[in-house]
Each structure stands twice: as structure tokens, then as C-alpha cells.
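**Student:** structure_16.cif is the file, holding mmCIF, C-alpha atoms:
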```
data_final
#
loop_
_atom_site.group_PDB
_atom_site.id
_atom_site.type_symbol
_atom_site.label_atom_id
_atom_site.label_comp_id
_atom_site.auth_asym_id
_atom_site.auth_seq_id
_atom_site.Cartn_x
_atom_site.Cartn_y
_atom_site.Cartn_z
ATOM 1 C CA MET Q 1074 -221.242 99.127 89.120
ATOM 2 C CA TRP Q 1075 -218.735 96.921 90.957
ATOM 3 C CA ASP Q 1076 -215.969 97.984 88.575
ATOM 4 C CA LEU Q 1077 -216.803 101.655 89.163
ATOM 5 C CA LEU Q 1078 -216.685 101.173 92.944
ATOM 6 C CA GLN Q 1079 -213.305 99.503 92.640
ATOM 7 C CA GLU Q 1080 -211.965 102.396 90.586
ATOM 8 C CA TRP Q 1081 -213.158 104.879 93.206
ATOM 9 C CA ASP Q 1082 -211.597 102.685 95.864
ATOM 10 C CA LYS Q 1083 -208.256 102.719 94.045
ATOM 11 C CA SER Q 1084 -208.374 106.476 93.580
ATOM 12 C CA LEU Q 1085 -209.060 107.071 97.284
ATOM 13 C CA PHE Q 1086 -206.334 104.607 98.176
ATOM 14 C CA LEU Q 1087 -203.770 106.484 96.100
ATOM 15 C CA VAL Q 1088 -204.704 109.747 97.808
ATOM 16 C CA ILE Q 1089 -204.367 108.331 101.345
ATOM 17 C CA ASN Q 1090 -201.314 106.217 100.614
ATOM 18 C CA GLY Q 1091 -199.681 109.084 98.757
ATOM 19 C CA ILE Q 1092 -199.572 111.303 101.851
ATOM 20 C CA HIS Q 1093 -196.581 109.868 103.665
ATOM 21 C CA GLY Q 1094 -193.223 110.711 105.178
ATOM 22 C CA PRO Q 1095 -190.522 109.293 107.493
ATOM 23 C CA TYR Q 1096 -192.389 110.285 110.664
ATOM 24 C CA GLY Q 1097 -195.656 108.770 109.449
ATOM 25 C CA ASP Q 1098 -193.898 105.579 108.359
ATOM 26 C CA HIS Q 1099 -192.325 105.125 111.767
ATOM 27 C CA PHE Q 1100 -195.541 105.989 113.623
ATOM 28 C CA VAL Q 1101 -197.701 103.614 111.580
ATOM 29 C CA GLY Q 1102 -195.128 100.840 111.862
ATOM 30 C CA LEU Q 1103 -195.215 101.075 115.653
ATOM 31 C CA PHE Q 1104 -198.978 101.609 115.842
ATOM 32 C CA ALA Q 1105 -199.642 98.467 113.815
ATOM 33 C CA ALA Q 1106 -197.255 96.246 115.803
ATOM 34 C CA LYS Q 1107 -199.131 93.638 117.854
ATOM 35 C CA MET Q 1108 -196.906 93.985 120.920
ATOM 36 C CA THR Q 1109 -197.527 97.740 121.078
ATOM 37 C CA TRP Q 1110 -200.952 97.255 122.654
ATOM 38 C CA GLY Q 1111 -199.968 94.535 125.109
ATOM 39 C CA ILE Q 1112 -200.171 96.863 128.122
ATOM 40 C CA MET Q 1113 -203.663 98.001 127.123
ATOM 41 C CA TYR Q 1114 -204.847 94.401 126.764
ATOM 42 C CA ALA Q 1115 -203.329 93.609 130.164
ATOM 43 C CA THR Q 1116 -205.218 96.581 131.613
ATOM 44 C CA ILE Q 1117 -208.495 95.169 130.290
ATOM 45 C CA LEU Q 1118 -207.692 91.865 132.011
ATOM 46 C CA PHE Q 1119 -206.863 93.754 135.216
ATOM 47 C CA VAL Q 1120 -210.250 95.505 135.103
ATOM 48 C CA LEU Q 1121 -211.995 92.156 134.632
ATOM 49 C CA CYS Q 1122 -210.140 90.679 137.602
ATOM 50 C CA LYS Q 1123 -211.197 93.605 139.784
ATOM 51 C CA ASN Q 1124 -214.885 93.274 138.919
ATOM 52 C CA PHE Q 1125 -215.537 89.553 138.434
ATOM 53 C CA ASN Q 1126 -214.899 86.353 140.346
ATOM 54 C CA TRP Q 1127 -212.503 83.883 138.734
ATOM 55 C CA ARG Q 1128 -215.301 82.154 136.810
ATOM 56 C CA GLY Q 1129 -216.523 85.458 135.407
ATOM 57 C CA VAL Q 1130 -212.983 86.459 134.416
ATOM 58 C CA LEU Q 1131 -212.426 83.118 132.704
ATOM 59 C CA VAL Q 1132 -215.657 83.288 130.707
ATOM 60 C CA ALA Q 1133 -215.173 86.952 129.765
ATOM 61 C CA ALA Q 1134 -211.597 86.243 128.655
ATOM 62 C CA LEU Q 1135 -212.845 83.264 126.641
ATOM 63 C CA ALA Q 1136 -215.426 85.540 124.990
ATOM 64 C CA PHE Q 1137 -212.617 87.897 123.927
ATOM 65 C CA VAL Q 1138 -210.670 84.988 122.437
ATOM 66 C CA LEU Q 1139 -213.701 83.626 120.568
ATOM 67 C CA LEU Q 1140 -214.409 87.134 119.347
ATOM 68 C CA ILE Q 1141 -211.034 87.455 117.626
ATOM 69 C CA VAL Q 1142 -211.165 83.898 116.296
ATOM 70 C CA LEU Q 1143 -214.591 84.505 114.743
ATOM 71 C CA SER Q 1144 -213.735 87.837 113.122
ATOM 72 C CA ASP Q 1145 -210.336 86.659 111.895
ATOM 73 C CA GLN Q 1146 -211.658 83.423 110.417
ATOM 74 C CA LEU Q 1147 -214.593 85.142 108.725
ATOM 75 C CA ALA Q 1148 -212.281 87.700 107.134
ATOM 76 C CA SER Q 1149 -209.215 85.594 106.335
ATOM 77 C CA THR Q 1150 -210.494 82.066 105.813
ATOM 78 C CA LEU Q 1151 -214.039 82.504 104.489
ATOM 79 C CA LEU Q 1152 -214.325 85.831 102.675
ATOM 80 C CA ARG Q 1153 -210.852 86.488 101.252
ATOM 81 C CA PRO Q 1154 -210.700 83.349 99.092
ATOM 82 C CA LEU Q 1155 -214.314 83.979 98.064
ATOM 83 C CA PHE Q 1156 -213.665 87.493 96.719
ATOM 84 C CA ALA Q 1157 -209.987 86.906 95.830
ATOM 85 C CA ARG Q 1158 -209.275 90.612 95.485
ATOM 86 C CA PRO Q 1159 -205.520 91.319 95.359
ATOM 87 C CA ARG Q 1160 -204.047 93.772 97.813
ATOM 88 C CA PRO Q 1161 -202.952 97.108 96.340
ATOM 89 C CA SER Q 1162 -199.392 96.053 97.140
ATOM 90 C CA ARG Q 1163 -199.912 93.067 94.817
ATOM 91 C CA ALA Q 1164 -201.943 94.775 92.084
ATOM 92 C CA GLU Q 1165 -200.147 94.853 88.730
ATOM 93 C CA ASP Q 1166 -201.856 98.073 87.616
ATOM 94 C CA LEU Q 1167 -200.520 99.865 90.707
ATOM 95 C CA GLU Q 1168 -196.944 98.642 90.377
ATOM 96 C CA GLY Q 1169 -194.587 101.448 91.347
ATOM 97 C CA LEU Q 1170 -197.378 103.654 92.704
ATOM 98 C CA VAL Q 1171 -197.821 102.107 96.159
ATOM 99 C CA HIS Q 1172 -195.836 103.334 99.143
ATOM 100 C CA LEU Q 1173 -194.935 100.432 101.434
ATOM 101 C CA ILE Q 1174 -193.479 100.427 104.934
ATOM 102 C CA GLY Q 1175 -190.397 98.265 105.243
ATOM 103 C CA GLY Q 1176 -191.210 96.559 101.960
ATOM 104 C CA ARG Q 1177 -194.010 94.552 103.595
ATOM 105 C CA ARG Q 1178 -196.660 93.602 101.040
ATOM 106 C CA GLY Q 1179 -198.841 91.177 102.980
ATOM 107 C CA GLY Q 1180 -200.491 88.090 101.507
ATOM 108 C CA ALA Q 1181 -202.087 87.742 98.106
ATOM 109 C CA PHE Q 1182 -205.634 88.888 98.951
ATOM 110 C CA GLY Q 1183 -206.845 91.697 101.197
ATOM 111 C CA PHE Q 1184 -210.655 91.910 101.044
ATOM 112 C CA PRO Q 1185 -211.786 92.195 103.770
ATOM 113 C CA SER Q 1186 -209.055 93.424 106.114
ATOM 114 C CA ALA Q 1187 -208.553 91.059 109.048
ATOM 115 C CA HIS Q 1188 -206.841 93.819 111.044
ATOM 116 C CA ALA Q 1189 -209.895 96.038 110.624
ATOM 117 C CA ALA Q 1190 -212.223 93.132 111.429
ATOM 118 C CA ASN Q 1191 -210.400 92.166 114.629
ATOM 119 C CA THR Q 1192 -210.092 95.753 115.814
ATOM 120 C CA ALA Q 1193 -213.756 96.556 115.115
ATOM 121 C CA ALA Q 1194 -214.848 93.292 116.766
ATOM 122 C CA LEU Q 1195 -212.905 94.116 119.928
ATOM 123 C CA ALA Q 1196 -214.194 97.695 119.934
ATOM 124 C CA THR Q 1197 -217.821 96.603 119.463
ATOM 125 C CA PHE Q 1198 -217.643 94.022 122.232
ATOM 126 C CA ILE Q 1199 -215.928 96.370 124.692
ATOM 127 C CA ILE Q 1200 -218.369 99.209 123.986
ATOM 128 C CA LEU Q 1201 -221.341 96.923 124.630
ATOM 129 C CA PHE Q 1202 -219.661 95.204 127.572
ATOM 130 C CA PHE Q 1203 -218.671 98.258 129.617
ATOM 131 C CA ARG Q 1204 -221.075 100.871 128.202
ATOM 132 C CA ARG Q 1205 -218.811 103.749 129.137
ATOM 133 C CA ARG Q 1206 -218.604 106.832 126.923
ATOM 134 C CA SER Q 1207 -214.857 107.328 127.367
ATOM 135 C CA LEU Q 1208 -214.221 103.745 126.309
ATOM 136 C CA ALA Q 1209 -216.555 104.037 123.333
ATOM 137 C CA LEU Q 1210 -214.889 107.207 122.046
ATOM 138 C CA PHE Q 1211 -211.396 105.791 122.430
ATOM 139 C CA PHE Q 1212 -212.112 102.454 120.769
ATOM 140 C CA ILE Q 1213 -213.972 104.049 117.866
ATOM 141 C CA ALA Q 1214 -210.982 106.340 117.294
ATOM 142 C CA TRP Q 1215 -208.604 103.376 117.733
ATOM 143 C CA THR Q 1216 -210.477 101.364 115.117
ATOM 144 C CA LEU Q 1217 -210.484 104.221 112.599
ATOM 145 C CA ALA Q 1218 -206.781 104.878 113.213
ATOM 146 C CA THR Q 1219 -205.986 101.200 112.661
ATOM 147 C CA CYS Q 1220 -207.940 101.220 109.400
ATOM 148 C CA HIS Q 1221 -206.147 104.349 108.193
ATOM 149 C CA ALA Q 1222 -202.812 102.744 109.093
ATOM 150 C CA ARG Q 1223 -203.541 99.717 106.899
ATOM 151 C CA VAL Q 1224 -204.248 101.952 103.900
ATOM 152 C CA TYR Q 1225 -201.253 104.163 104.677
ATOM 153 C CA ALA Q 1226 -199.051 101.061 104.797
ATOM 154 C CA GLY Q 1227 -200.174 100.134 101.293
ATOM 155 C CA VAL Q 1228 -201.582 96.723 102.150
ATOM 156 C CA HIS Q 1229 -205.320 97.490 101.961
ATOM 157 C CA TYR Q 1230 -207.782 99.560 99.962
ATOM 158 C CA PRO Q 1231 -210.296 101.711 101.873
ATOM 159 C CA GLY Q 1232 -212.967 99.253 100.771
ATOM 160 C CA ASP Q 1233 -211.023 96.420 102.394
ATOM 161 C CA VAL Q 1234 -211.032 98.089 105.790
ATOM 162 C CA LEU Q 1235 -214.665 99.167 105.470
ATOM 163 C CA ALA Q 1236 -215.669 95.563 104.804
ATOM 164 C CA GLY Q 1237 -213.452 94.508 107.704
ATOM 165 C CA ILE Q 1238 -215.283 96.891 110.031
ATOM 166 C CA LEU Q 1239 -218.615 95.343 109.019
ATOM 167 C CA VAL Q 1240 -217.261 91.847 109.695
ATOM 168 C CA GLY Q 1241 -215.924 93.009 113.041
ATOM 169 C CA VAL Q 1242 -219.152 94.670 114.142
ATOM 170 C CA PHE Q 1243 -221.084 91.526 113.206
ATOM 171 C CA SER Q 1244 -218.635 89.381 115.202
ATOM 172 C CA GLY Q 1245 -218.769 91.709 118.190
ATOM 173 C CA LEU Q 1246 -222.559 91.748 118.244
ATOM 174 C CA THR Q 1247 -222.747 87.961 117.889
ATOM 175 C CA ILE Q 1248 -220.292 87.109 120.656
ATOM 176 C CA HIS Q 1249 -221.708 89.747 122.991
ATOM 177 C CA ALA Q 1250 -225.240 88.402 122.490
ATOM 178 C CA ALA Q 1251 -224.011 84.877 123.249
ATOM 179 C CA TYR Q 1252 -222.136 86.135 126.319
ATOM 180 C CA ARG Q 1253 -225.181 88.012 127.653
ATOM 181 C CA LEU Q 1254 -227.351 84.916 127.162
ATOM 182 C CA LEU Q 1255 -224.863 82.755 129.072
ATOM 183 C CA VAL Q 1256 -224.573 85.228 131.953
ATOM 184 C CA SER Q 1257 -228.363 85.565 132.192
ATOM 185 C CA ARG Q 1258 -228.611 81.817 132.734
ATOM 186 C CA LEU Q 1259 -225.575 81.571 135.021
ATOM 187 C CA PRO Q 1260 -225.652 84.615 137.355
ATOM 188 C CA VAL Q 1261 -222.438 83.437 139.044
ATOM 189 C CA LEU Q 1262 -220.621 84.740 135.960
ATOM 190 C CA ALA Q 1263 -222.003 88.271 136.344
ATOM 191 C CA PRO Q 1264 -219.862 91.134 137.702
ATOM 192 C CA ARG Q 1265 -219.909 91.924 141.427
ATOM 193 C CA GLY Q 1266 -221.666 95.228 140.767
ATOM 194 C CA LYS Q 1267 -222.884 97.298 137.852
ATOM 195 C CA ILE Q 1268 -220.172 97.042 135.209
ATOM 196 C CA THR Q 1269 -221.163 100.452 133.864
ATOM 197 C CA ARG Q 1270 -219.985 101.942 137.173
ATOM 198 C CA ALA Q 1271 -217.124 99.553 137.778
ATOM 199 C CA PRO Q 1272 -213.900 100.994 139.184
ATOM 200 C CA PHE Q 1273 -210.688 101.085 137.165
ATOM 201 C CA VAL Q 1274 -212.521 101.018 133.803
ATOM 202 C CA PRO Q 1275 -211.238 104.530 132.893
ATOM 203 C CA LEU Q 1276 -207.716 103.103 133.095
ATOM 204 C CA VAL Q 1277 -208.234 101.359 129.749
ATOM 205 C CA PRO Q 1278 -208.625 104.449 127.520
ATOM 206 C CA LEU Q 1279 -206.001 106.247 129.648
ATOM 207 C CA VAL Q 1280 -203.440 103.515 128.984
ATOM 208 C CA GLY Q 1281 -204.441 103.529 125.316
ATOM 209 C CA LEU Q 1282 -203.904 107.280 125.030
ATOM 210 C CA LEU Q 1283 -200.562 107.046 126.832
ATOM 211 C CA THR Q 1284 -199.519 104.334 124.386
ATOM 212 C CA VAL Q 1285 -200.355 106.605 121.452
ATOM 213 C CA ALA Q 1286 -198.402 109.442 123.096
ATOM 214 C CA VAL Q 1287 -195.341 107.211 123.531
ATOM 215 C CA ILE Q 1288 -195.572 106.109 119.894
ATOM 216 C CA ALA Q 1289 -195.826 109.735 118.767
ATOM 217 C CA LEU Q 1290 -192.775 110.775 120.806
ATOM 218 C CA TYR Q 1291 -190.703 107.732 119.883
ATOM 219 C CA SER Q 1292 -191.475 108.281 116.199
ATOM 220 C CA LEU Q 1293 -189.637 111.601 116.394
ATOM 221 C CA PHE Q 1294 -186.392 109.656 116.735
ATOM 222 C CA PRO Q 1295 -186.446 106.896 114.102
ATOM 223 C CA SER Q 1296 -183.560 104.491 114.289
#
```
Let me see whether you can do it: turn the structure in this file into C-alpha cells.
**Tutor:**
Amino acid sequence: MWDLLQEWDKSLFLVINGIHGPYGDHFVGLFAAKMTWGIMYATILFVLCKNFNWRGVLVAALAFVLLIVLSDQLASTLLRPLFARPRPSRAEDLEGLVHLIGGRRGGAFGFPSAHAANTAALATFIILFFRRRSLALFFIAWTLATCHARVYAGVHYPGDVLAGILVGVFSGLTIHAAYRLLVSRLPVLAPRGKITRAPFVPLVPLVGLLTVAVIALYSLFPS
């Protein structure tokens, strides 16, 4: 059964990875760059500063850091060596069939995807933290787009990113539960008002959408 699932995974990978072009390569390369989303992350910090005292900001920021550490370590350090599944970019039976961006192959193993795990963890935590529909829709779309980008780039199978999403959701739920427990015992860490109605929160998906728009426009003029 496992072998059959892997064959289906490879077939789906070849379909997704096979649909590519110069524009898509440039777009995905920019979309996947860590620095691309720096302004959006800074906007999240700005929103925290506007709705929490300094202790609340510090603890919330620490929760975000722990969130990424947990999801990344679960995916990269614990699970990848355990499953030891080569990336498609490293698979001998797919040699010459995988489209790569800039020749980047990634490390030896790719199951589960740490990118997918970290993105899904952040999305899960933010959705539960702010409980705003606009945020939820954007971060779900952002997570799915990130997962598609990893398959498009040839460094992960669809199964890798699906497993990464599960790791990320687990991490997001765990850290959010711990955060809620801490805040319930230390009310000084709570927001000044209802976070679900907090001002400036809509700036986060707006900045995210503007970032995507800039990437899309910039990708029209590859260097």
C-alpha cells in the first residue's frame, strides 16, 4: 500500500512540476525567498504592539518563535531521518525529469516539508490567535501557495507538503494551547481589548496581498 501511495505521489509530482515556465520560475523563486515576507512579519509585530503591553508583546513574540522552532525541529530533525525519503530532486528514478529553479536541489531527504510545516504552523496559530475571517482566508491561501511552490520548485513531493501541513497544524495547536493557558493564569499578558476586534489587524492580509502583487509584477521583468 505504501509503495502504491508513493507511486501516486510521484505521478502527481510530475504533473505539477511539469507545468512550468520562465514567469512561474521567477515568481516561485521570489515567493519562496525568506526576506520577501519580512514586511508582513513586521506588520504582525506592529499589530501586537498596538494591542498588548510590552509583556504581552514579548510573550506573544516568544510564542511565535517557539512555534517555528517546534514545527521545524519536528519536521527536519525528528521525522526526516526517521522516514529517510529522498527528495524528488535527489531521486535516481526521476533523474532528468525534474524541473529545478536555479539548480537548487535541497538536502538529501524531504519528508515532511519543513517549509510547509512552518507555514502551516504560523497560519494555524494566527488564525486561532486573531480569529478574523480575512486573516484566516489569506493564511490558508498563503500556506497552499507555499506548498505548491515547493512542488513546483522540484524539491518536494505533494505527500511531503501534506505531511508538513499536518506537522504544522499540530505545532500551531500545541503552542496556541500553551499560550492560552499562560494568559489565563497571567491576565497581565492579555490584550487591552478583544483581539477579535483589535484595530490594525486587517493590515496583515492587506500587506500580504500587496506583497503577492509586487511579486507578480516584478516577475514580468526577470533579470
**Student:** Could you state which residues are captured by the PyMOL selection byres ((chain Q and resi 1185) around 8) in this file, as a list of chain:residue names?
**Tutor:**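 What the PyMOL selection byres ((chain Q and resi 1185) around 8) grabs from the file is Q:Ala1148, Q:Ser1149, Q:Leu1152, Q:Arg1153, Q:Gly1183, Q:Phe1184, Q:Ser1186, Q:Ala1187, Q:Ala1190, Q:Gly1232, Q:Asp1233, Q:Val1234, Q:Leu1235, Q:Ala1236, Q:Gly1237.
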**Student:** Just to confirm, what's the straight-line distance from CA of Val1224 (chain Q) to CA of Gly1241 (chain Q) in Å (one decimal)?
**Tutor:**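 Pair CA of Val1224 (chain Q) / CA of Gly1241 (chain Q) returns 17.3 Å.
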**Student:** Fewer than 5 positions away in the same chain doesn't count, so skip those; otherwise give me all residues within 8 Å of region 1245-1258 of chain Q, counting all atoms listed in the file, as an MDAnalysis selection string.
**Tutor:** chainID Q and resid 1133 1136 1139:1140 1193:1198 1201:1202 1263
**Student:** Applying the PyMOL selection byres ((chain Q and resi 1272) around 8) to the file I just gave you, which residues come out? Please list them as JSON, numbers by chain.
**Tutor:** {"Q": [1120, 1123, 1124, 1270, 1271, 1273, 1274, 1275]}
**Student:** Identify, on the basis of only C-alpha atoms, every residue whose closest approach to region 1281-1291 of chain Q does not exceed 7 Å; exclude the query and any residue fewer than 4 positions from it along the same chain; express the result as a list in words.
**Tutor:**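 The residues that qualify are Phe1100, Leu1103, Phe1104, Met1113 and Val1277 of chain Q.
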**Student:** Given the file shown, determine the residues that the PyMOL selection byres ((chain Q and resi 1225) around 8) selects; report them as a PyMOL selection string.
**Tutor:** chain Q and resi 1089-1093+1101+1172+1221-1224+1226-1228
**Student:** Rank Q:Phe1203, Q:Tyr1230, Q:Phe1243, Q:Phe1294 by their smallest atom-to-atom distance to Leu1078 (chain Q), using all atoms listed in the file, and report the top residue only.
**Tutor:**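 Checking each candidate against Leu1078 (chain Q), we get Q:Tyr1230 as the closest.
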**Student:** So that I can see what lies close to Val1130 (chain Q), please list as a ChimeraX atom specification the residues with an atom at most 8 Å from it, counting only C-alpha atoms and leaving out residues fewer than 4 positions away in the same chain.
**Tutor:** /Q:1118,1121-1122,1125-1126,1134,1262
**Student:** Filtering to C-alpha atoms, could you give me those residues as an mmCIF file, in the frame of the given file?
**Tutor:**
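Output file selection02.cif is given in full below:
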```cif
data_model
loop_
_atom_site.group_PDB
_atom_site.id
_atom_site.type_symbol
_atom_site.label_atom_id
_atom_site.label_comp_id
_atom_site.auth_asym_id
_atom_site.auth_seq_id
_atom_site.Cartn_x
_atom_site.Cartn_y
_atom_site.Cartn_z
ATOM 1 C CA LEU Q 1118 -207.692 91.865 132.011
ATOM 2 C CA LEU Q 1121 -211.995 92.156 134.632
ATOM 3 C CA CYS Q 1122 -210.140 90.679 137.602
ATOM 4 C CA PHE Q 1125 -215.537 89.553 138.434
ATOM 5 C CA ASN Q 1126 -214.899 86.353 140.346
ATOM 6 C CA ALA Q 1134 -211.597 86.243 128.655
ATOM 7 C CA LEU Q 1262 -220.621 84.740 135.960
#
```
**Student:** Report, in Å to a single decimal, how far apart CA of Thr1192 (chain Q) and CA of His1099 (chain Q) are.
**Tutor:**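 For CA of His1099 (chain Q) relative to CA of Thr1192 (chain Q), the distance reads 20.5 Å.
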**Student:** Measuring atom to atom with only C-alpha atoms, identify which of Q:Trp1081, Q:Gly1094, Q:Pro1278, Q:Ser1244 is nearest to Ala1214 (chain Q).
**Tutor:**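 Among the listed residues, Q:Pro1278 lies closest to Ala1214 (chain Q).
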